[in-house]
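Engineer: Data file coords14.pdb (PDB, C-alpha atoms and all ligand atoms) is appended below.
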```
MODEL        1
ATOM      1  CA  MET U  27       3.077  17.751  -3.248  1.00  0.00           C
ATOM      2  CA  LEU U  28       1.562  14.368  -2.487  1.00  0.00           C
ATOM      3  CA  ILE U  29       2.674  10.772  -2.859  1.00  0.00           C
ATOM      4  CA  ASP U  30       0.254   7.983  -3.683  1.00  0.00           C
ATOM      5  CA  SER U  31       1.936   5.239  -1.681  1.00  0.00           C
ATOM      6  CA  HIS U  32      -0.210   2.429  -3.098  1.00  0.00           C
ATOM      7  CA  ALA U  33      -1.764   2.096  -6.547  1.00  0.00           C
ATOM      8  CA  HIS U  34      -2.257  -0.721  -9.040  1.00  0.00           C
ATOM      9  CA  LEU U  35      -1.589   1.059 -12.329  1.00  0.00           C
ATOM     10  CA  THR U  36      -0.877  -2.219 -14.098  1.00  0.00           C
ATOM     11  CA  LEU U  37      -4.440  -3.527 -13.845  1.00  0.00           C
ATOM     12  CA  SER U  38      -6.695  -3.855 -16.875  1.00  0.00           C
ATOM     13  CA  GLN U  39      -9.012  -1.103 -15.580  1.00  0.00           C
ATOM     14  CA  PHE U  40      -6.326   1.305 -16.849  1.00  0.00           C
ATOM     15  CA  ASP U  41      -5.627  -0.383 -20.196  1.00  0.00           C
ATOM     16  CA  ASP U  42      -7.595   2.138 -22.245  1.00  0.00           C
ATOM     17  CA  ASP U  43      -6.142   5.340 -20.801  1.00  0.00           C
ATOM     18  CA  ARG U  44      -3.151   4.527 -18.565  1.00  0.00           C
ATOM     19  CA  GLU U  45      -1.053   7.308 -20.046  1.00  0.00           C
ATOM     20  CA  MET U  46      -3.780   9.902 -19.411  1.00  0.00           C
ATOM     21  CA  VAL U  47      -4.243   8.701 -15.836  1.00  0.00           C
ATOM     22  CA  ILE U  48      -0.514   9.100 -15.202  1.00  0.00           C
ATOM     23  CA  GLN U  49      -0.536  12.489 -16.905  1.00  0.00           C
ATOM     24  CA  ARG U  50      -3.390  13.649 -14.647  1.00  0.00           C
ATOM     25  CA  ALA U  51      -1.449  12.474 -11.602  1.00  0.00           C
ATOM     26  CA  ARG U  52       1.498  14.581 -12.684  1.00  0.00           C
ATOM     27  CA  GLU U  53      -0.731  17.592 -13.347  1.00  0.00           C
ATOM     28  CA  ALA U  54      -2.317  17.150  -9.922  1.00  0.00           C
ATOM     29  CA  GLY U  55       1.172  17.621  -8.495  1.00  0.00           C
ATOM     30  CA  LEU U  56       1.906  14.092  -7.327  1.00  0.00           C
ATOM     31  CA  LYS U  57       5.565  13.736  -6.537  1.00  0.00           C
ATOM     32  CA  HIS U  58       5.630   9.943  -6.697  1.00  0.00           C
ATOM     33  CA  ILE U  59       3.356   6.945  -7.194  1.00  0.00           C
ATOM     34  CA  ILE U  60       4.192   3.469  -5.963  1.00  0.00           C
ATOM     35  CA  THR U  61       2.579   0.849  -8.146  1.00  0.00           C
ATOM     36  CA  VAL U  62       2.257  -2.354  -6.163  1.00  0.00           C
ATOM     37  CA  GLY U  63       2.749  -5.857  -7.556  1.00  0.00           C
ATOM     38  CA  LEU U  64       0.275  -8.687  -6.963  1.00  0.00           C
ATOM     39  CA  ASP U  65       1.895 -11.730  -8.582  1.00  0.00           C
ATOM     40  CA  ILE U  66       5.066 -12.404 -10.597  1.00  0.00           C
ATOM     41  CA  GLU U  67       3.608 -11.286 -13.926  1.00  0.00           C
ATOM     42  CA  ASP U  68       2.146  -8.153 -12.369  1.00  0.00           C
ATOM     43  CA  CYS U  69       5.472  -7.355 -10.665  1.00  0.00           C
ATOM     44  CA  HIS U  70       7.164  -7.427 -14.075  1.00  0.00           C
ATOM     45  CA  LYS U  71       4.537  -5.014 -15.400  1.00  0.00           C
ATOM     46  CA  ALA U  72       4.952  -2.726 -12.384  1.00  0.00           C
ATOM     47  CA  ILE U  73       8.702  -2.518 -12.986  1.00  0.00           C
ATOM     48  CA  MET U  74       8.176  -1.797 -16.686  1.00  0.00           C
ATOM     49  CA  LEU U  75       5.900   1.082 -15.798  1.00  0.00           C
ATOM     50  CA  ALA U  76       8.420   2.404 -13.286  1.00  0.00           C
ATOM     51  CA  GLU U  77      11.099   2.260 -15.971  1.00  0.00           C
ATOM     52  CA  GLU U  78       8.904   4.300 -18.291  1.00  0.00           C
ATOM     53  CA  TYR U  79       8.042   7.111 -15.851  1.00  0.00           C
ATOM     54  CA  ASP U  80      10.624   8.734 -13.617  1.00  0.00           C
ATOM     55  CA  PHE U  81       8.148   9.549 -10.819  1.00  0.00           C
ATOM     56  CA  ILE U  82       6.712   6.020 -10.583  1.00  0.00           C
ATOM     57  CA  PHE U  83       8.294   3.371  -8.353  1.00  0.00           C
ATOM     58  CA  ALA U  84       7.373  -0.288  -7.943  1.00  0.00           C
ATOM     59  CA  SER U  85       7.022  -2.850  -5.208  1.00  0.00           C
ATOM     60  CA  VAL U  86       7.231  -6.590  -5.751  1.00  0.00           C
ATOM     61  CA  GLY U  87       5.516  -9.372  -3.830  1.00  0.00           C
ATOM     62  CA  ILE U  88       2.768 -11.968  -3.958  1.00  0.00           C
ATOM     63  CA  HIS U  89      -0.655 -10.842  -2.704  1.00  0.00           C
ATOM     64  CA  PRO U  90      -2.334 -13.202  -0.202  1.00  0.00           C
ATOM     65  CA  HIS U  91      -4.983 -13.979  -2.848  1.00  0.00           C
ATOM     66  CA  ASP U  92      -2.236 -15.333  -5.106  1.00  0.00           C
ATOM     67  CA  VAL U  93       0.117 -17.129  -2.703  1.00  0.00           C
ATOM     68  CA  LYS U  94      -1.322 -20.446  -3.875  1.00  0.00           C
ATOM     69  CA  SER U  95       0.603 -19.758  -7.119  1.00  0.00           C
ATOM     70  CA  ILE U  96       3.981 -19.672  -5.342  1.00  0.00           C
ATOM     71  CA  ASP U  97       6.287 -22.449  -6.538  1.00  0.00           C
ATOM     72  CA  THR U  98       9.956 -23.348  -6.168  1.00  0.00           C
ATOM     73  CA  LYS U  99      11.078 -20.607  -8.586  1.00  0.00           C
ATOM     74  CA  THR U 100       8.979 -17.763  -7.178  1.00  0.00           C
ATOM     75  CA  TYR U 101      11.320 -16.495  -4.479  1.00  0.00           C
ATOM     76  CA  SER U 102      14.430 -16.438  -6.646  1.00  0.00           C
ATOM     77  CA  ARG U 103      12.436 -14.464  -9.232  1.00  0.00           C
ATOM     78  CA  LEU U 104      11.166 -12.032  -6.608  1.00  0.00           C
ATOM     79  CA  LYS U 105      14.655 -11.623  -5.296  1.00  0.00           C
ATOM     80  CA  ARG U 106      15.985 -10.829  -8.748  1.00  0.00           C
ATOM     81  CA  LEU U 107      13.168  -8.331  -9.370  1.00  0.00           C
ATOM     82  CA  SER U 108      13.716  -6.696  -5.987  1.00  0.00           C
ATOM     83  CA  ALA U 109      17.261  -5.754  -7.021  1.00  0.00           C
ATOM     84  CA  HIS U 110      15.911  -3.386  -9.693  1.00  0.00           C
ATOM     85  CA  ASP U 111      16.681   0.305  -9.076  1.00  0.00           C
ATOM     86  CA  LYS U 112      13.034   1.341  -9.084  1.00  0.00           C
ATOM     87  CA  VAL U 113      11.824  -1.341  -6.642  1.00  0.00           C
ATOM     88  CA  VAL U 114      11.351   0.230  -3.233  1.00  0.00           C
ATOM     89  CA  ALA U 115       9.425  -2.408  -1.231  1.00  0.00           C
ATOM     90  CA  ILE U 116       8.277  -6.005  -0.920  1.00  0.00           C
ATOM     91  CA  GLY U 117       4.508  -6.122  -1.211  1.00  0.00           C
ATOM     92  CA  GLU U 118       1.807  -6.412  -1.085  1.00  0.00           C
ATOM     93  CA  ILE U 119       2.044  -9.362   1.258  1.00  0.00           C
ATOM     94  CA  GLY U 120      -0.054 -10.430   4.220  1.00  0.00           C
ATOM     95  CA  LEU U 121      -3.297 -12.169   5.070  1.00  0.00           C
ATOM     96  CA  ASP U 122      -6.791 -11.944   3.591  1.00  0.00           C
ATOM     97  CA  PHE U 123      -9.479 -13.798   5.520  1.00  0.00           C
ATOM     98  CA  TYR U 124     -12.266 -11.877   3.805  1.00  0.00           C
ATOM     99  CA  ARG U 125     -12.091 -13.579   0.436  1.00  0.00           C
ATOM    100  CA  ASN U 126      -9.823 -16.530   1.306  1.00  0.00           C
ATOM    101  CA  LEU U 127      -8.774 -16.918  -2.344  1.00  0.00           C
ATOM    102  CA  SER U 128      -5.756 -18.857  -1.111  1.00  0.00           C
ATOM    103  CA  PRO U 129      -6.369 -21.308   1.753  1.00  0.00           C
ATOM    104  CA  ARG U 130      -5.645 -19.761   5.161  1.00  0.00           C
ATOM    105  CA  LYS U 131      -3.222 -22.456   6.175  1.00  0.00           C
ATOM    106  CA  ILE U 132      -0.913 -21.635   3.270  1.00  0.00           C
ATOM    107  CA  GLN U 133      -1.289 -17.863   3.690  1.00  0.00           C
ATOM    108  CA  PHE U 134       0.582 -18.029   7.010  1.00  0.00           C
ATOM    109  CA  PRO U 135       3.860 -19.626   5.813  1.00  0.00           C
ATOM    110  CA  ARG U 136       3.905 -17.651   2.534  1.00  0.00           C
ATOM    111  CA  PHE U 137       3.525 -14.417   4.506  1.00  0.00           C
ATOM    112  CA  ARG U 138       6.404 -15.349   6.818  1.00  0.00           C
ATOM    113  CA  GLU U 139       8.617 -16.375   3.901  1.00  0.00           C
ATOM    114  CA  GLN U 140       8.056 -13.047   2.146  1.00  0.00           C
ATOM    115  CA  LEU U 141       8.859 -11.142   5.344  1.00  0.00           C
ATOM    116  CA  GLN U 142      12.114 -13.091   5.497  1.00  0.00           C
ATOM    117  CA  LEU U 143      12.793 -12.238   1.863  1.00  0.00           C
ATOM    118  CA  ALA U 144      12.288  -8.539   2.629  1.00  0.00           C
ATOM    119  CA  ARG U 145      14.794  -8.786   5.454  1.00  0.00           C
ATOM    120  CA  GLU U 146      17.261 -10.536   3.198  1.00  0.00           C
ATOM    121  CA  VAL U 147      17.062  -7.862   0.480  1.00  0.00           C
ATOM    122  CA  SER U 148      16.789  -4.979   2.973  1.00  0.00           C
ATOM    123  CA  LEU U 149      13.523  -3.527   1.698  1.00  0.00           C
ATOM    124  CA  PRO U 150      10.492  -2.408   3.720  1.00  0.00           C
ATOM    125  CA  VAL U 151       7.202  -4.315   3.405  1.00  0.00           C
ATOM    126  CA  ILE U 152       3.724  -3.267   2.296  1.00  0.00           C
ATOM    127  CA  ILE U 153       1.250  -5.254   4.371  1.00  0.00           C
ATOM    128  CA  HIS U 154      -2.244  -6.307   3.308  1.00  0.00           C
ATOM    129  CA  ASP U 155      -4.479  -7.229   6.268  1.00  0.00           C
ATOM    130  CA  ARG U 156      -8.131  -7.874   5.598  1.00  0.00           C
ATOM    131  CA  GLU U 157     -10.149  -9.302   8.486  1.00  0.00           C
ATOM    132  CA  ALA U 158      -6.986 -10.913   9.860  1.00  0.00           C
ATOM    133  CA  HIS U 159      -5.826  -8.260  12.339  1.00  0.00           C
ATOM    134  CA  GLN U 160      -4.734 -10.455  15.241  1.00  0.00           C
ATOM    135  CA  GLU U 161      -3.011 -13.011  13.023  1.00  0.00           C
ATOM    136  CA  THR U 162      -1.222 -10.327  10.979  1.00  0.00           C
ATOM    137  CA  LEU U 163       0.040  -8.594  14.096  1.00  0.00           C
ATOM    138  CA  LYS U 164       1.169 -11.863  15.664  1.00  0.00           C
ATOM    139  CA  ILE U 165       3.225 -12.803  12.601  1.00  0.00           C
ATOM    140  CA  LEU U 166       4.751  -9.318  12.344  1.00  0.00           C
ATOM    141  CA  GLN U 167       5.773  -9.546  15.990  1.00  0.00           C
ATOM    142  CA  GLU U 168       7.094 -13.105  15.753  1.00  0.00           C
ATOM    143  CA  GLU U 169       9.064 -12.317  12.600  1.00  0.00           C
ATOM    144  CA  ARG U 170      10.525  -9.249  14.320  1.00  0.00           C
ATOM    145  CA  ALA U 171       9.162  -6.930  11.647  1.00  0.00           C
ATOM    146  CA  GLU U 172      10.568  -3.964  13.565  1.00  0.00           C
ATOM    147  CA  THR U 173      13.909  -4.921  12.015  1.00  0.00           C
ATOM    148  CA  ILE U 174      12.352  -4.806   8.513  1.00  0.00           C
ATOM    149  CA  GLY U 175      10.087  -1.763   8.578  1.00  0.00           C
ATOM    150  CA  GLY U 176       7.044  -1.088   6.481  1.00  0.00           C
ATOM    151  CA  VAL U 177       3.483   0.095   6.230  1.00  0.00           C
ATOM    152  CA  ILE U 178       0.064  -1.374   6.923  1.00  0.00           C
ATOM    153  CA  HIS U 179      -1.786  -0.496   3.738  1.00  0.00           C
ATOM    154  CA  CYS U 180      -5.503   0.439   3.892  1.00  0.00           C
ATOM    155  CA  PHE U 181      -5.356   0.175   7.652  1.00  0.00           C
ATOM    156  CA  SER U 182      -8.639  -1.232   8.976  1.00  0.00           C
ATOM    157  CA  GLY U 183      -7.789  -2.325  12.524  1.00  0.00           C
ATOM    158  CA  ASP U 184      -8.671  -0.598  15.775  1.00  0.00           C
ATOM    159  CA  LEU U 185      -6.634   1.841  17.847  1.00  0.00           C
ATOM    160  CA  ALA U 186      -4.989  -0.926  19.898  1.00  0.00           C
ATOM    161  CA  MET U 187      -3.786  -2.620  16.727  1.00  0.00           C
ATOM    162  CA  ALA U 188      -2.583   0.722  15.342  1.00  0.00           C
ATOM    163  CA  LYS U 189      -0.547   1.278  18.499  1.00  0.00           C
ATOM    164  CA  SER U 190       1.023  -2.174  18.246  1.00  0.00           C
ATOM    165  CA  CYS U 191       1.976  -1.476  14.633  1.00  0.00           C
ATOM    166  CA  LEU U 192       3.435   1.900  15.621  1.00  0.00           C
ATOM    167  CA  ASP U 193       5.418   0.099  18.337  1.00  0.00           C
ATOM    168  CA  LEU U 194       6.936  -2.028  15.575  1.00  0.00           C
ATOM    169  CA  GLY U 195       7.996   1.202  13.881  1.00  0.00           C
ATOM    170  CA  PHE U 196       5.449   0.748  11.099  1.00  0.00           C
ATOM    171  CA  TYR U 197       3.625   3.430   9.163  1.00  0.00           C
ATOM    172  CA  ILE U 198      -0.136   3.417   8.704  1.00  0.00           C
ATOM    173  CA  SER U 199      -1.611   4.171   5.307  1.00  0.00           C
ATOM    174  CA  ILE U 200      -4.993   5.838   4.894  1.00  0.00           C
ATOM    175  CA  PRO U 201      -7.186   5.157   1.857  1.00  0.00           C
ATOM    176  CA  GLY U 202      -9.993   7.168   0.251  1.00  0.00           C
ATOM    177  CA  THR U 203     -12.700   5.496   2.311  1.00  0.00           C
ATOM    178  CA  ILE U 204     -11.952   8.063   5.035  1.00  0.00           C
ATOM    179  CA  THR U 205     -13.779  10.637   2.879  1.00  0.00           C
ATOM    180  CA  PHE U 206     -17.120   8.804   3.124  1.00  0.00           C
ATOM    181  CA  LYS U 207     -19.871  10.377   5.177  1.00  0.00           C
ATOM    182  CA  ASN U 208     -20.269   7.179   7.213  1.00  0.00           C
ATOM    183  CA  SER U 209     -16.561   7.093   8.128  1.00  0.00           C
ATOM    184  CA  ARG U 210     -16.792   9.034  11.385  1.00  0.00           C
ATOM    185  CA  ASP U 211     -15.340   6.181  13.449  1.00  0.00           C
ATOM    186  CA  TYR U 212     -12.420   5.825  11.071  1.00  0.00           C
ATOM    187  CA  GLN U 213     -11.823   9.572  11.170  1.00  0.00           C
ATOM    188  CA  ASP U 214     -11.835   9.440  14.979  1.00  0.00           C
ATOM    189  CA  LEU U 215      -9.199   6.702  14.853  1.00  0.00           C
ATOM    190  CA  VAL U 216      -6.974   8.624  12.429  1.00  0.00           C
ATOM    191  CA  ARG U 217      -7.220  11.688  14.689  1.00  0.00           C
ATOM    192  CA  GLU U 218      -5.385   9.641  17.359  1.00  0.00           C
ATOM    193  CA  LEU U 219      -2.498   8.578  15.111  1.00  0.00           C
ATOM    194  CA  PRO U 220       0.816  10.463  15.028  1.00  0.00           C
ATOM    195  CA  LEU U 221       1.299  12.557  11.877  1.00  0.00           C
ATOM    196  CA  ASN U 222       4.875  11.393  11.453  1.00  0.00           C
ATOM    197  CA  ARG U 223       3.639   7.835  10.824  1.00  0.00           C
ATOM    198  CA  LEU U 224       0.856   8.464   8.315  1.00  0.00           C
ATOM    199  CA  LEU U 225       0.934   7.712   4.608  1.00  0.00           C
ATOM    200  CA  LEU U 226      -1.775   8.383   2.040  1.00  0.00           C
ATOM    201  CA  GLU U 227      -2.847   6.032  -0.723  1.00  0.00           C
ATOM    202  CA  THR U 228      -5.504   5.446  -3.331  1.00  0.00           C
ATOM    203  CA  ASP U 229      -5.305   1.657  -3.855  1.00  0.00           C
ATOM    204  CA  SER U 230      -6.569   2.678  -7.293  1.00  0.00           C
ATOM    205  CA  PRO U 231      -8.492   1.477  -9.255  1.00  0.00           C
ATOM    206  CA  PHE U 232     -10.300   0.523  -6.008  1.00  0.00           C
ATOM    207  CA  LEU U 233     -11.615   2.447  -2.955  1.00  0.00           C
ATOM    208  CA  THR U 234     -12.563   5.654  -4.764  1.00  0.00           C
ATOM    209  CA  PRO U 235     -12.981   8.666  -2.453  1.00  0.00           C
ATOM    210  CA  HIS U 236     -15.959  10.976  -2.260  1.00  0.00           C
ATOM    211  CA  PRO U 237     -17.034  12.760  -4.543  1.00  0.00           C
ATOM    212  CA  PHE U 238     -16.165  10.064  -7.125  1.00  0.00           C
ATOM    213  CA  ARG U 239     -17.348   7.087  -5.089  1.00  0.00           C
ATOM    214  CA  GLY U 240     -18.645   4.354  -7.386  1.00  0.00           C
ATOM    215  CA  LYS U 241     -16.336   5.326 -10.243  1.00  0.00           C
ATOM    216  CA  ARG U 242     -12.834   4.049 -10.970  1.00  0.00           C
ATOM    217  CA  ASN U 243     -10.179   5.443  -8.649  1.00  0.00           C
ATOM    218  CA  GLU U 244      -6.895   6.983  -9.857  1.00  0.00           C
ATOM    219  CA  PRO U 245      -3.774   8.419  -8.175  1.00  0.00           C
ATOM    220  CA  ALA U 246      -4.780  12.093  -8.696  1.00  0.00           C
ATOM    221  CA  TYR U 247      -7.680  11.508  -6.281  1.00  0.00           C
ATOM    222  CA  VAL U 248      -5.269  11.075  -3.361  1.00  0.00           C
ATOM    223  CA  TYR U 249      -5.825  14.816  -2.970  1.00  0.00           C
ATOM    224  CA  TYR U 250      -9.370  14.180  -1.636  1.00  0.00           C
ATOM    225  CA  THR U 251      -8.009  11.813   0.977  1.00  0.00           C
ATOM    226  CA  ALA U 252      -5.385  14.397   1.961  1.00  0.00           C
ATOM    227  CA  LYS U 253      -8.069  17.052   2.314  1.00  0.00           C
ATOM    228  CA  THR U 254     -10.139  14.894   4.663  1.00  0.00           C
ATOM    229  CA  VAL U 255      -7.150  13.795   6.755  1.00  0.00           C
ATOM    230  CA  ALA U 256      -6.024  17.437   7.073  1.00  0.00           C
ATOM    231  CA  ARG U 257      -9.498  18.435   8.284  1.00  0.00           C
ATOM    232  CA  VAL U 258      -9.563  15.544  10.765  1.00  0.00           C
ATOM    233  CA  LYS U 259      -6.102  16.528  12.035  1.00  0.00           C
ATOM    234  CA  ASN U 260      -7.036  20.207  12.017  1.00  0.00           C
ATOM    235  CA  ILE U 261      -4.023  21.255   9.980  1.00  0.00           C
ATOM    236  CA  ASP U 262      -3.509  22.855   6.602  1.00  0.00           C
ATOM    237  CA  VAL U 263      -3.623  20.443   3.650  1.00  0.00           C
ATOM    238  CA  ALA U 264      -0.232  21.774   2.457  1.00  0.00           C
ATOM    239  CA  GLU U 265       1.289  20.889   5.812  1.00  0.00           C
ATOM    240  CA  LEU U 266      -0.267  17.435   5.748  1.00  0.00           C
ATOM    241  CA  ALA U 267       1.078  16.941   2.216  1.00  0.00           C
ATOM    242  CA  ASP U 268       4.585  17.924   3.343  1.00  0.00           C
ATOM    243  CA  ILE U 269       4.535  15.566   6.310  1.00  0.00           C
ATOM    244  CA  THR U 270       3.074  12.520   4.540  1.00  0.00           C
ATOM    245  CA  THR U 271       5.369  13.040   1.549  1.00  0.00           C
ATOM    246  CA  CYS U 272       8.353  13.194   3.856  1.00  0.00           C
ATOM    247  CA  ASN U 273       7.154  10.011   5.620  1.00  0.00           C
ATOM    248  CA  ALA U 274       6.860   8.072   2.343  1.00  0.00           C
ATOM    249  CA  GLN U 275      10.241   9.337   1.138  1.00  0.00           C
ATOM    250  CA  LYS U 276      11.809   8.193   4.364  1.00  0.00           C
ATOM    251  CA  LEU U 277      10.188   4.755   4.423  1.00  0.00           C
ATOM    252  CA  PHE U 278      10.810   3.924   0.761  1.00  0.00           C
ATOM    253  CA  GLY U 279      14.057   5.845   0.331  1.00  0.00           C
ATOM    254  CA  LEU U 280      12.571   8.016  -2.433  1.00  0.00           C
ATOM    255  CA  PHE U 281      15.339  10.543  -2.635  1.00  0.00           C
ATOM    256  CA  PRO U 282      16.775  11.804  -5.896  1.00  0.00           C
TER     257      PRO U 282
HETATM  258 NI    NI X   1      -3.472  -3.046  -3.094  1.00  0.00          NI
ENDMDL
END
```
Please render this file's structure as structure tokens.
Structural biologist:
Amino acid sequence: MLIDSHAHLTLSQFDDDREMVIQRAREAGLKHIITVGLDIEDCHKAIMLAEEYDFIFASVGIHPHDVKSIDTKTYSRLKRLSAHDKVVAIGEIGLDFYRNLSPRKIQFPRFREQLQLAREVSLPVIIHDREAHQETLKILQEERAETIGGVIHCFSGDLAMAKSCLDLGFYISIPGTITFKNSRDYQDLVRELPLNRLLLETDSPFLTPHPFRGKRNEPAYVYYTAKTVARVKNIDVAELADITTCNAQKLFGLFP
């Protein structure tokens, strides 16, 4: 049994067949899906979906693209949402210097404020870091993120960064891009990471694994990522599933 630790089931790409996508995830044997919020409206939708399906959980936070939308009411709303039974994390939060959809200079304080919020409500964080490795790490260290806990989603840093994140007690989440033929370097990096700190994710509808690359991604495809990671780690896929499922349950407190 697998857990998709990061999906965006609320997005419009799923509007035509969301129920079928969720059904396929269940049939594929997924134990849980965490659907991750991007802004206040999306966080509401994520919680509604989690209320509808017992095996779906939600996280709430403001994505670095959207932190320019944060106003005086945002944090009290997030705090209220975070108290919901099915909310298991604050995220995704972090830095994105690839698209810079919010100005960099406001990404920094909004990231720190959301880390502080996570500490206040005692939830782990889901971190987005795109082309901002050094800055992300520095803020996590300065904000003493080891006392919060969390995961670096779609990890794209190098081995040194991975080790620093592991030192903070963080988990590292592996997306479907590891299945690509040109991902040898990434596979080599994952080979070096401890199994007890790995999570698997789809980031669906994005980052579709081989053999569906180019099409829309969905949680059931986390199986292809698991298969590749198991091969890289030279263990049975069932064993990898057990370990990564246990890791996600532990981090997000997903116990019945
Ligand atoms: Ni995401």
Engineer: Taking 3 positions as the minimum chain separation for residues in the same chain, which residues sit within 9 Å of segment 277-281 of chain U when counting all atoms listed in the file? Answer as a PyMOL selection string.
Structural biologist: chain U and resi 58+83+114-115+149-150+175-177+197+272-274
Engineer: Apply the PyMOL selection byres (((chain U and resi 67-71) around 10) and not hetatm) to the displayed file and report the matching residues as a PDB file with C-alpha atoms, keeping the file's coordinate frame.
Structural biologist:
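Everything below was put into selection.pdb:
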```
ATOM      1  CA  HIS U  34      -2.257  -0.721  -9.040  1.00  0.00           C
ATOM      2  CA  LEU U  35      -1.589   1.059 -12.329  1.00  0.00           C
ATOM      3  CA  THR U  36      -0.877  -2.219 -14.098  1.00  0.00           C
ATOM      4  CA  LEU U  37      -4.440  -3.527 -13.845  1.00  0.00           C
ATOM      5  CA  THR U  61       2.579   0.849  -8.146  1.00  0.00           C
ATOM      6  CA  VAL U  62       2.257  -2.354  -6.163  1.00  0.00           C
ATOM      7  CA  GLY U  63       2.749  -5.857  -7.556  1.00  0.00           C
ATOM      8  CA  LEU U  64       0.275  -8.687  -6.963  1.00  0.00           C
ATOM      9  CA  ASP U  65       1.895 -11.730  -8.582  1.00  0.00           C
ATOM     10  CA  ILE U  66       5.066 -12.404 -10.597  1.00  0.00           C
ATOM     11  CA  ALA U  72       4.952  -2.726 -12.384  1.00  0.00           C
ATOM     12  CA  ILE U  73       8.702  -2.518 -12.986  1.00  0.00           C
ATOM     13  CA  MET U  74       8.176  -1.797 -16.686  1.00  0.00           C
ATOM     14  CA  LEU U  75       5.900   1.082 -15.798  1.00  0.00           C
ATOM     15  CA  ALA U  76       8.420   2.404 -13.286  1.00  0.00           C
ATOM     16  CA  GLU U  77      11.099   2.260 -15.971  1.00  0.00           C
ATOM     17  CA  ALA U  84       7.373  -0.288  -7.943  1.00  0.00           C
ATOM     18  CA  SER U  85       7.022  -2.850  -5.208  1.00  0.00           C
ATOM     19  CA  VAL U  86       7.231  -6.590  -5.751  1.00  0.00           C
ATOM     20  CA  GLY U  87       5.516  -9.372  -3.830  1.00  0.00           C
ATOM     21  CA  ILE U  88       2.768 -11.968  -3.958  1.00  0.00           C
ATOM     22  CA  LEU U 104      11.166 -12.032  -6.608  1.00  0.00           C
ATOM     23  CA  LEU U 107      13.168  -8.331  -9.370  1.00  0.00           C
ATOM     24  CA  SER U 108      13.716  -6.696  -5.987  1.00  0.00           C
ATOM     25  CA  VAL U 113      11.824  -1.341  -6.642  1.00  0.00           C
ATOM     26  CA  GLY U 117       4.508  -6.122  -1.211  1.00  0.00           C
TER      27      GLY U 117
END
```
Engineer: Rounded to one decimal, what separation in Å do you get between atom CA of Gln160 of chain U and atom CA of Gly195 of chain U?
Structural biologist: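 Going from atom CA of Gln160 of chain U over to atom CA of Gly195 of chain U covers 17.3 Å.
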Engineer: Quick one: distance from atom CA of Ala186 of chain U to atom CA of Ile119 of chain U in Å, one decimal?
Structural biologist: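 So the two atoms, atom CA of Ala186 of chain U and atom CA of Ile119 of chain U, lie 21.6 Å apart.
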Engineer: Which residue, U:Ala33, U:Ile59, U:Leu141, U:Ala109, has the smallest gap to ligand NI 1 (chain X) when you use all atoms listed in the file?
Structural biologist: U:Ala33
Engineer: Atom CA of Gly120 of chain U and atom CA of His154 of chain U, how far apart in Å?
Structural biologist: 4.8 Å
Engineer: Looking at U:Pro231, U:Pro245, U:Pro135, U:Gly202, which one is nearest to ligand NI 1 (chain X), with distances taken over only C-alpha atoms and all ligand atoms?
Structural biologist: U:Pro231
